[in-house]
$ cat input_34.cif   # mmCIF, N, CA and C atoms and all ligand atoms
data_work
#
loop_
_atom_site.label_atom_id
_atom_site.label_comp_id
_atom_site.auth_asym_id
_atom_site.auth_seq_id
_atom_site.Cartn_x
_atom_site.Cartn_y
_atom_site.Cartn_z
N MET B 1256 0.84 -1.19 0.00
CA MET B 1256 0.00 0.00 0.00
C MET B 1256 0.88 1.25 0.00
N LYS B 1257 0.53 2.16 -0.88
CA LYS B 1257 1.29 3.40 -0.98
C LYS B 1257 0.38 4.59 -0.65
N ILE B 1258 0.79 5.40 0.30
CA ILE B 1258 -0.03 6.57 0.68
C ILE B 1258 0.23 7.70 -0.31
N GLN B 1259 -0.87 8.12 -0.96
CA GLN B 1259 -0.74 9.15 -2.00
C GLN B 1259 -0.74 10.57 -1.42
N LYS B 1260 -1.75 10.82 -0.62
CA LYS B 1260 -1.92 12.18 -0.09
C LYS B 1260 -2.31 12.11 1.38
N GLN B 1261 -2.16 13.22 2.02
CA GLN B 1261 -2.61 13.32 3.41
C GLN B 1261 -3.65 14.43 3.49
N ARG B 1262 -4.54 14.25 4.40
CA ARG B 1262 -5.55 15.28 4.63
C ARG B 1262 -5.62 15.58 6.11
N GLU B 1263 -6.14 16.74 6.41
CA GLU B 1263 -6.37 17.08 7.81
C GLU B 1263 -7.86 17.31 8.01
N LEU B 1264 -8.43 16.65 8.97
CA LEU B 1264 -9.85 16.78 9.26
C LEU B 1264 -10.04 17.38 10.65
N ILE B 1265 -11.17 17.99 10.81
CA ILE B 1265 -11.53 18.50 12.14
C ILE B 1265 -12.74 17.71 12.60
N ILE B 1266 -12.59 17.10 13.72
CA ILE B 1266 -13.69 16.31 14.29
C ILE B 1266 -14.19 17.01 15.54
N GLU B 1267 -15.50 17.17 15.60
CA GLU B 1267 -16.08 17.87 16.74
C GLU B 1267 -16.85 16.88 17.60
N PHE B 1268 -16.58 16.89 18.86
CA PHE B 1268 -17.30 16.05 19.82
C PHE B 1268 -18.16 16.95 20.69
N GLU B 1269 -19.39 16.56 20.87
CA GLU B 1269 -20.25 17.30 21.77
C GLU B 1269 -20.37 16.51 23.06
N ARG B 1270 -19.99 17.14 24.13
CA ARG B 1270 -20.05 16.46 25.41
C ARG B 1270 -21.25 16.96 26.20
N VAL B 1271 -21.99 16.07 26.78
CA VAL B 1271 -23.13 16.46 27.59
C VAL B 1271 -22.69 16.46 29.05
N GLN B 1272 -22.93 17.57 29.71
CA GLN B 1272 -22.53 17.68 31.10
C GLN B 1272 -23.77 17.64 31.99
N LEU B 1273 -23.76 16.72 32.89
CA LEU B 1273 -24.88 16.61 33.81
C LEU B 1273 -24.54 17.37 35.09
N VAL B 1274 -25.37 18.34 35.40
CA VAL B 1274 -25.16 19.12 36.62
C VAL B 1274 -26.36 18.90 37.52
N ARG B 1275 -26.09 18.47 38.72
CA ARG B 1275 -27.20 18.25 39.66
C ARG B 1275 -26.95 19.12 40.89
N LYS B 1276 -27.90 19.99 41.18
CA LYS B 1276 -27.76 20.88 42.33
C LYS B 1276 -29.01 20.78 43.19
N LYS B 1277 -28.81 20.99 44.47
CA LYS B 1277 -29.92 20.94 45.40
C LYS B 1277 -30.39 22.36 45.71
N ALA B 1278 -31.67 22.53 45.84
CA ALA B 1278 -32.18 23.86 46.18
C ALA B 1278 -33.37 23.72 47.10
N LYS B 1279 -33.50 24.69 47.99
CA LYS B 1279 -34.66 24.70 48.89
C LYS B 1279 -35.81 25.39 48.17
N THR B 1280 -36.99 24.78 48.26
CA THR B 1280 -38.16 25.40 47.63
C THR B 1280 -39.18 25.74 48.71
N HIS B 1281 -40.14 26.53 48.33
CA HIS B 1281 -41.20 26.95 49.24
C HIS B 1281 -42.53 26.55 48.60
N LEU B 1282 -43.37 25.86 49.36
CA LEU B 1282 -44.67 25.48 48.83
C LEU B 1282 -45.62 26.66 48.96
N ILE B 1283 -46.01 27.20 47.83
CA ILE B 1283 -46.86 28.39 47.80
C ILE B 1283 -47.98 28.12 46.81
N PHE B 1284 -49.16 28.68 47.09
CA PHE B 1284 -50.27 28.54 46.14
C PHE B 1284 -49.99 29.44 44.94
N CYS B 1285 -49.92 28.82 43.76
CA CYS B 1285 -49.68 29.58 42.53
C CYS B 1285 -51.04 29.90 41.90
N ARG B 1286 -51.32 31.18 41.76
CA ARG B 1286 -52.60 31.60 41.19
C ARG B 1286 -52.76 31.13 39.74
N ASP B 1287 -51.65 31.13 39.00
CA ASP B 1287 -51.72 30.75 37.59
C ASP B 1287 -51.84 29.24 37.41
N CYS B 1288 -51.17 28.46 38.26
CA CYS B 1288 -51.28 27.00 38.20
C CYS B 1288 -52.58 26.53 38.86
N GLY B 1289 -53.09 27.34 39.80
CA GLY B 1289 -54.31 27.00 40.50
C GLY B 1289 -54.13 25.96 41.59
N ARG B 1290 -52.91 25.79 42.04
CA ARG B 1290 -52.63 24.84 43.12
C ARG B 1290 -51.32 25.18 43.82
N GLU B 1291 -51.06 24.48 44.90
CA GLU B 1291 -49.83 24.70 45.66
C GLU B 1291 -48.67 24.00 44.94
N VAL B 1292 -47.65 24.75 44.62
CA VAL B 1292 -46.49 24.19 43.91
C VAL B 1292 -45.19 24.70 44.52
N ASP B 1293 -44.09 24.13 44.05
CA ASP B 1293 -42.77 24.55 44.53
C ASP B 1293 -42.38 25.89 43.92
N PHE B 1294 -41.99 26.80 44.77
CA PHE B 1294 -41.45 28.09 44.33
C PHE B 1294 -40.02 28.19 44.83
N ILE B 1295 -39.22 28.91 44.08
CA ILE B 1295 -37.85 29.16 44.50
C ILE B 1295 -37.66 30.67 44.53
N SER B 1296 -36.94 31.14 45.54
CA SER B 1296 -36.75 32.59 45.62
C SER B 1296 -35.82 33.02 44.49
N LEU B 1297 -35.97 34.25 44.07
CA LEU B 1297 -35.14 34.79 42.99
C LEU B 1297 -33.66 34.69 43.37
N ARG B 1298 -33.38 34.96 44.63
CA ARG B 1298 -32.00 34.92 45.12
C ARG B 1298 -31.43 33.50 44.99
N GLU B 1299 -32.23 32.51 45.42
CA GLU B 1299 -31.78 31.12 45.34
C GLU B 1299 -31.65 30.66 43.87
N ALA B 1300 -32.59 31.11 43.05
CA ALA B 1300 -32.56 30.73 41.64
C ALA B 1300 -31.34 31.32 40.93
N SER B 1301 -30.99 32.54 41.27
CA SER B 1301 -29.84 33.16 40.62
C SER B 1301 -28.56 32.46 41.03
N SER B 1302 -28.52 32.00 42.26
CA SER B 1302 -27.35 31.24 42.73
C SER B 1302 -27.32 29.85 42.06
N LEU B 1303 -28.48 29.23 41.95
CA LEU B 1303 -28.60 27.90 41.35
C LEU B 1303 -28.17 27.90 39.88
N PHE B 1304 -28.60 28.91 39.17
CA PHE B 1304 -28.30 28.97 37.73
C PHE B 1304 -27.13 29.89 37.42
N THR B 1305 -26.42 30.33 38.48
CA THR B 1305 -25.28 31.25 38.36
C THR B 1305 -25.55 32.37 37.34
N THR B 1306 -26.65 33.03 37.59
CA THR B 1306 -27.09 34.15 36.74
C THR B 1306 -27.43 35.32 37.65
N GLN B 1307 -27.23 36.52 37.15
CA GLN B 1307 -27.58 37.70 37.94
C GLN B 1307 -29.09 37.74 38.17
N ALA B 1308 -29.48 38.11 39.38
CA ALA B 1308 -30.89 38.14 39.75
C ALA B 1308 -31.70 39.04 38.80
N GLU B 1309 -31.12 40.17 38.40
CA GLU B 1309 -31.83 41.10 37.52
C GLU B 1309 -32.14 40.46 36.17
N LYS B 1310 -31.16 39.72 35.65
CA LYS B 1310 -31.34 39.06 34.35
C LYS B 1310 -32.40 37.96 34.45
N LEU B 1311 -32.36 37.25 35.56
CA LEU B 1311 -33.32 36.17 35.79
C LEU B 1311 -34.74 36.74 35.90
N LEU B 1312 -34.87 37.84 36.63
CA LEU B 1312 -36.18 38.48 36.78
C LEU B 1312 -36.69 38.99 35.43
N GLN B 1313 -35.79 39.50 34.64
CA GLN B 1313 -36.14 39.97 33.29
C GLN B 1313 -36.66 38.79 32.45
N PHE B 1314 -35.96 37.65 32.53
CA PHE B 1314 -36.37 36.43 31.82
C PHE B 1314 -37.75 36.00 32.28
N VAL B 1315 -37.97 36.03 33.59
CA VAL B 1315 -39.25 35.63 34.18
C VAL B 1315 -40.39 36.52 33.67
N LYS B 1316 -40.15 37.82 33.67
CA LYS B 1316 -41.18 38.78 33.26
C LYS B 1316 -41.46 38.71 31.75
N ILE B 1317 -40.42 38.64 30.95
CA ILE B 1317 -40.59 38.59 29.49
C ILE B 1317 -41.34 37.33 29.07
N ASN B 1318 -41.04 36.22 29.73
CA ASN B 1318 -41.61 34.94 29.32
C ASN B 1318 -42.86 34.53 30.11
N HIS B 1319 -43.38 35.49 30.89
CA HIS B 1319 -44.62 35.27 31.65
C HIS B 1319 -44.54 34.03 32.54
N THR B 1320 -43.38 33.83 33.14
CA THR B 1320 -43.24 32.76 34.13
C THR B 1320 -43.98 33.21 35.38
N HIS B 1321 -44.67 32.27 36.02
CA HIS B 1321 -45.44 32.62 37.22
C HIS B 1321 -44.49 33.05 38.35
N PHE B 1322 -44.84 34.11 39.01
CA PHE B 1322 -44.07 34.51 40.20
C PHE B 1322 -44.96 35.24 41.18
N GLU B 1323 -44.56 35.23 42.42
CA GLU B 1323 -45.30 35.91 43.49
C GLU B 1323 -44.30 36.75 44.28
N SER B 1324 -44.80 37.82 44.87
CA SER B 1324 -43.96 38.65 45.72
C SER B 1324 -44.26 38.35 47.17
N GLY B 1325 -43.22 38.10 47.94
CA GLY B 1325 -43.38 37.84 49.37
C GLY B 1325 -43.64 39.13 50.13
N ALA B 1326 -43.98 38.99 51.40
CA ALA B 1326 -44.29 40.15 52.23
C ALA B 1326 -43.11 41.12 52.31
N GLY B 1327 -41.91 40.59 52.33
CA GLY B 1327 -40.72 41.44 52.43
C GLY B 1327 -40.23 41.94 51.08
N GLY B 1328 -41.04 41.74 50.04
CA GLY B 1328 -40.65 42.20 48.71
C GLY B 1328 -39.84 41.18 47.93
N GLU B 1329 -39.59 40.04 48.57
CA GLU B 1329 -38.80 39.01 47.89
C GLU B 1329 -39.64 38.35 46.79
N ILE B 1330 -39.00 38.05 45.67
CA ILE B 1330 -39.69 37.44 44.53
C ILE B 1330 -39.53 35.93 44.60
N PHE B 1331 -40.63 35.22 44.41
CA PHE B 1331 -40.60 33.76 44.37
C PHE B 1331 -41.09 33.31 43.00
N ILE B 1332 -40.34 32.40 42.39
CA ILE B 1332 -40.65 31.94 41.03
C ILE B 1332 -41.26 30.54 41.08
N CYS B 1333 -42.35 30.35 40.35
CA CYS B 1333 -43.02 29.05 40.25
C CYS B 1333 -42.10 28.13 39.43
N LEU B 1334 -41.61 27.08 40.06
CA LEU B 1334 -40.64 26.20 39.41
C LEU B 1334 -41.21 25.48 38.19
N ILE B 1335 -42.47 25.09 38.27
CA ILE B 1335 -43.07 24.36 37.16
C ILE B 1335 -43.08 25.21 35.89
N SER B 1336 -43.55 26.43 36.01
CA SER B 1336 -43.61 27.28 34.82
C SER B 1336 -42.22 27.75 34.41
N PHE B 1337 -41.34 27.95 35.38
CA PHE B 1337 -39.98 28.39 35.07
C PHE B 1337 -39.22 27.32 34.28
N LEU B 1338 -39.28 26.08 34.74
CA LEU B 1338 -38.57 24.99 34.04
C LEU B 1338 -39.18 24.73 32.67
N ALA B 1339 -40.51 24.82 32.59
CA ALA B 1339 -41.18 24.63 31.29
C ALA B 1339 -40.72 25.69 30.31
N CYS B 1340 -40.60 26.92 30.80
CA CYS B 1340 -40.18 28.03 29.96
C CYS B 1340 -38.72 27.87 29.55
N MET B 1341 -37.88 27.46 30.48
CA MET B 1341 -36.47 27.26 30.17
C MET B 1341 -36.28 26.18 29.12
N LYS B 1342 -37.04 25.10 29.26
CA LYS B 1342 -36.95 24.00 28.29
C LYS B 1342 -37.30 24.51 26.90
N GLN B 1343 -38.36 25.31 26.85
CA GLN B 1343 -38.86 25.84 25.58
C GLN B 1343 -37.86 26.82 24.96
N LYS B 1344 -37.31 27.70 25.78
CA LYS B 1344 -36.44 28.77 25.28
C LYS B 1344 -35.03 28.29 24.97
N THR B 1345 -34.52 27.40 25.78
CA THR B 1345 -33.12 27.01 25.62
C THR B 1345 -32.98 25.66 24.95
N ASN B 1346 -34.09 25.01 24.69
CA ASN B 1346 -34.08 23.67 24.08
C ASN B 1346 -33.29 22.68 24.95
N LEU B 1347 -33.32 22.91 26.24
CA LEU B 1347 -32.63 22.01 27.16
C LEU B 1347 -33.64 20.95 27.62
N SER B 1348 -33.89 20.01 26.77
CA SER B 1348 -34.92 19.02 27.07
C SER B 1348 -34.52 18.13 28.25
N ARG B 1349 -33.26 18.19 28.62
CA ARG B 1349 -32.83 17.29 29.70
C ARG B 1349 -32.97 17.89 31.10
N ILE B 1350 -33.44 19.13 31.18
CA ILE B 1350 -33.65 19.71 32.50
C ILE B 1350 -34.83 18.99 33.14
N LYS B 1351 -34.62 18.46 34.31
CA LYS B 1351 -35.75 17.85 35.01
C LYS B 1351 -35.66 18.08 36.50
N LEU B 1352 -36.81 18.10 37.09
CA LEU B 1352 -36.91 18.34 38.51
C LEU B 1352 -36.90 17.01 39.22
N LEU B 1353 -35.91 16.79 40.07
CA LEU B 1353 -35.81 15.52 40.79
C LEU B 1353 -36.22 15.74 42.23
N LYS B 1354 -36.86 14.77 42.78
CA LYS B 1354 -37.20 14.83 44.20
C LYS B 1354 -36.07 14.19 44.98
N ASP B 1355 -36.02 14.46 46.26
CA ASP B 1355 -34.97 13.88 47.12
C ASP B 1355 -35.00 12.37 47.13
ZN ZN M 1 -47.40 28.35 38.54
#

$ encode --input "input_34.cif" --output "structure tokens" --more "lines below"
Ligand SMILES: [Zn+2]
Amino acid sequence: MKIQKQRELIIEFERVQLVRKKAKTHLIFCRDCGREVDFISLREASSLFTTQAEKLLQFVKINHTHFESGAGGEIFICLISFLACMKQKTNLSRIKLLKD
């Protein structure tokens, strides 16, 4: 066998990274869901997703994610609608909510 020519190829590998984080939720009645569901505070969510709270709140408001304001002015985000919205917007079909 005689090698005639050489070529250089670029091969791309896509690696899937699984990140599992624990977060405390608050059971609050969601007016939009019509039942008691898990809510996460904006502060906890921004830490969980390593995103600035202002950007996260902007995402929540633009995408009509359910949220409630606590007595102290703290924002709580409905996890069900938030994750559904994230899946839709980011095409991250692998995001799932796991129980303990
Ligand atoms: Zn809701």

$ closest_residue --input "input_34.cif" --among "B:Val1274, B:Leu1311, B:Ile1265, B:Ile1332" --to "ligand ZN 1 (chain M)" --atoms "only C-alpha atoms and all ligand atoms"
B:Ile1332

$ select_by_dssp --input "input_34.cif" --residues "chain B" --states "strand (DSSP E or B)" --output "ChimeraX atom specification"
/B:1281-1285,1290-1296,1322-1324,1330-1333

$ closest_atom_pairs --input "input_34.cif" --of "chain B" --to "ligand ZN 1 (chain M)" --cutoff "12 Å" --atoms "only C-alpha atoms and all ligand atoms" --output "CSV"
residue,atom,partner,partner_atom,distance
B:Leu1282,CA,M:ZN1,ZN,11.0
B:Ile1283,CA,M:ZN1,ZN,9.3
B:Phe1284,CA,M:ZN1,ZN,8.1
B:Cys1285,CA,M:ZN1,ZN,4.8
B:Arg1286,CA,M:ZN1,ZN,6.7
B:Asp1287,CA,M:ZN1,ZN,5.0
B:Cys1288,CA,M:ZN1,ZN,4.1
B:Gly1289,CA,M:ZN1,ZN,7.3
B:Arg1290,CA,M:ZN1,ZN,7.8
B:Glu1291,CA,M:ZN1,ZN,8.4
B:Val1292,CA,M:ZN1,ZN,6.9
B:Asp1293,CA,M:ZN1,ZN,8.5
B:Phe1294,CA,M:ZN1,ZN,8.3
B:Ile1295,CA,M:ZN1,ZN,11.3
B:Val1315,CA,M:ZN1,ZN,11.8
B:His1319,CA,M:ZN1,ZN,10.2
B:Thr1320,CA,M:ZN1,ZN,7.5
B:His1321,CA,M:ZN1,ZN,4.9
B:Phe1322,CA,M:ZN1,ZN,7.2
B:Glu1323,CA,M:ZN1,ZN,9.3
B:Phe1331,CA,M:ZN1,ZN,10.5
B:Ile1332,CA,M:ZN1,ZN,8.0
B:Cys1333,CA,M:ZN1,ZN,4.8
B:Leu1334,CA,M:ZN1,ZN,7.1
B:Ile1335,CA,M:ZN1,ZN,6.0
B:Ser1336,CA,M:ZN1,ZN,5.4
B:Phe1337,CA,M:ZN1,ZN,8.2
B:Leu1338,CA,M:ZN1,ZN,10.5
B:Ala1339,CA,M:ZN1,ZN,10.3
B:Cys1340,CA,M:ZN1,ZN,11.2

$ atom_distance --input "input_34.cif" --atom1 "atom N of B:Glu1267" --atom2 "atom CA of B:Lys1344"
25.8 Å

$ atom_distance --input "input_34.cif" --atom1 "atom C of B:Gly1325" --atom2 "atom C of B:Glu1299"
16.0 Å

$ atom_distance --input "input_34.cif" --atom1 "atom C of B:Ile1330" --atom2 "atom CA of B:Glu1309"
11.7 Å

$ axis_aligned_box --input "input_34.cif" --around "stretch 1299-1315 of chain B" --padding-each-side "5 Å" --output "JSON"
{"center_x": -32.8, "center_y": 34.5, "center_z": 38.6, "size_x": 25.1, "size_y": 23.2, "size_z": 23.6}

$ select_by_dssp --input "input_34.cif" --residues "chain B" --states "helix (DSSP H, G or I)" --output "number ranges by chain"
B: 1297-1303, 1308-1317, 1334-1345

$ closest_residue --input "input_34.cif" --among "B:Asn1318, B:Gln1261, B:Gln1343, B:Ser1324" --to "B:Leu1297" --atoms "only C-alpha atoms"
B:Ser1324

$ decode --input "input_34.cif" --residues "stretch 1260-1293 of chain B" --atoms "N, CA and C atoms" --output "short mmCIF file (atom, residue, chain, number, x, y, z; two decimals), in the first residue's frame"
data_model
loop_
_atom_site.label_atom_id
_atom_site.label_comp_id
_atom_site.auth_asym_id
_atom_site.auth_seq_id
_atom_site.Cartn_x
_atom_site.Cartn_y
_atom_site.Cartn_z
N LYS B 1260 -1.75 10.82 -0.62
CA LYS B 1260 -1.92 12.18 -0.09
C LYS B 1260 -2.31 12.11 1.38
N GLN B 1261 -2.16 13.22 2.02
CA GLN B 1261 -2.61 13.32 3.41
C GLN B 1261 -3.65 14.43 3.49
N ARG B 1262 -4.54 14.25 4.40
CA ARG B 1262 -5.55 15.28 4.63
C ARG B 1262 -5.62 15.58 6.11
N GLU B 1263 -6.14 16.74 6.41
CA GLU B 1263 -6.37 17.08 7.81
C GLU B 1263 -7.86 17.31 8.01
N LEU B 1264 -8.43 16.65 8.97
CA LEU B 1264 -9.85 16.78 9.26
C LEU B 1264 -10.04 17.38 10.65
N ILE B 1265 -11.17 17.99 10.81
CA ILE B 1265 -11.53 18.50 12.14
C ILE B 1265 -12.74 17.71 12.60
N ILE B 1266 -12.59 17.10 13.72
CA ILE B 1266 -13.69 16.31 14.29
C ILE B 1266 -14.19 17.01 15.54
N GLU B 1267 -15.50 17.17 15.60
CA GLU B 1267 -16.08 17.87 16.74
C GLU B 1267 -16.85 16.88 17.60
N PHE B 1268 -16.58 16.89 18.86
CA PHE B 1268 -17.30 16.05 19.82
C PHE B 1268 -18.16 16.95 20.69
N GLU B 1269 -19.39 16.56 20.87
CA GLU B 1269 -20.25 17.30 21.77
C GLU B 1269 -20.37 16.51 23.06
N ARG B 1270 -19.99 17.14 24.13
CA ARG B 1270 -20.05 16.46 25.41
C ARG B 1270 -21.25 16.96 26.20
N VAL B 1271 -21.99 16.07 26.78
CA VAL B 1271 -23.13 16.46 27.59
C VAL B 1271 -22.69 16.46 29.05
N GLN B 1272 -22.93 17.57 29.71
CA GLN B 1272 -22.53 17.68 31.10
C GLN B 1272 -23.77 17.64 31.99
N LEU B 1273 -23.76 16.72 32.89
CA LEU B 1273 -24.88 16.61 33.81
C LEU B 1273 -24.54 17.37 35.09
N VAL B 1274 -25.37 18.34 35.40
CA VAL B 1274 -25.16 19.12 36.62
C VAL B 1274 -26.36 18.90 37.52
N ARG B 1275 -26.09 18.47 38.72
CA ARG B 1275 -27.20 18.25 39.66
C ARG B 1275 -26.95 19.12 40.89
N LYS B 1276 -27.90 19.99 41.18
CA LYS B 1276 -27.76 20.88 42.33
C LYS B 1276 -29.01 20.78 43.19
N LYS B 1277 -28.81 20.99 44.47
CA LYS B 1277 -29.92 20.94 45.40
C LYS B 1277 -30.39 22.36 45.71
N ALA B 1278 -31.67 22.53 45.84
CA ALA B 1278 -32.18 23.86 46.18
C ALA B 1278 -33.37 23.72 47.10
N LYS B 1279 -33.50 24.69 47.99
CA LYS B 1279 -34.66 24.70 48.89
C LYS B 1279 -35.81 25.39 48.17
N THR B 1280 -36.99 24.78 48.26
CA THR B 1280 -38.16 25.40 47.63
C THR B 1280 -39.18 25.74 48.71
N HIS B 1281 -40.14 26.53 48.33
CA HIS B 1281 -41.20 26.95 49.24
C HIS B 1281 -42.53 26.55 48.60
N LEU B 1282 -43.37 25.86 49.36
CA LEU B 1282 -44.67 25.48 48.83
C LEU B 1282 -45.62 26.66 48.96
N ILE B 1283 -46.01 27.20 47.83
CA ILE B 1283 -46.86 28.39 47.80
C ILE B 1283 -47.98 28.12 46.81
N PHE B 1284 -49.16 28.68 47.09
CA PHE B 1284 -50.27 28.54 46.14
C PHE B 1284 -49.99 29.44 44.94
N CYS B 1285 -49.92 28.82 43.76
CA CYS B 1285 -49.68 29.58 42.53
C CYS B 1285 -51.04 29.90 41.90
N ARG B 1286 -51.32 31.18 41.76
CA ARG B 1286 -52.60 31.60 41.19
C ARG B 1286 -52.76 31.13 39.74
N ASP B 1287 -51.65 31.13 39.00
CA ASP B 1287 -51.72 30.75 37.59
C ASP B 1287 -51.84 29.24 37.41
N CYS B 1288 -51.17 28.46 38.26
CA CYS B 1288 -51.28 27.00 38.20
C CYS B 1288 -52.58 26.53 38.86
N GLY B 1289 -53.09 27.34 39.80
CA GLY B 1289 -54.31 27.00 40.50
C GLY B 1289 -54.13 25.96 41.59
N ARG B 1290 -52.91 25.79 42.04
CA ARG B 1290 -52.63 24.84 43.12
C ARG B 1290 -51.32 25.18 43.82
N GLU B 1291 -51.06 24.48 44.90
CA GLU B 1291 -49.83 24.70 45.66
C GLU B 1291 -48.67 24.00 44.94
N VAL B 1292 -47.65 24.75 44.62
CA VAL B 1292 -46.49 24.19 43.91
C VAL B 1292 -45.19 24.70 44.52
N ASP B 1293 -44.09 24.13 44.05
CA ASP B 1293 -42.77 24.55 44.53
C ASP B 1293 -42.38 25.89 43.92
#
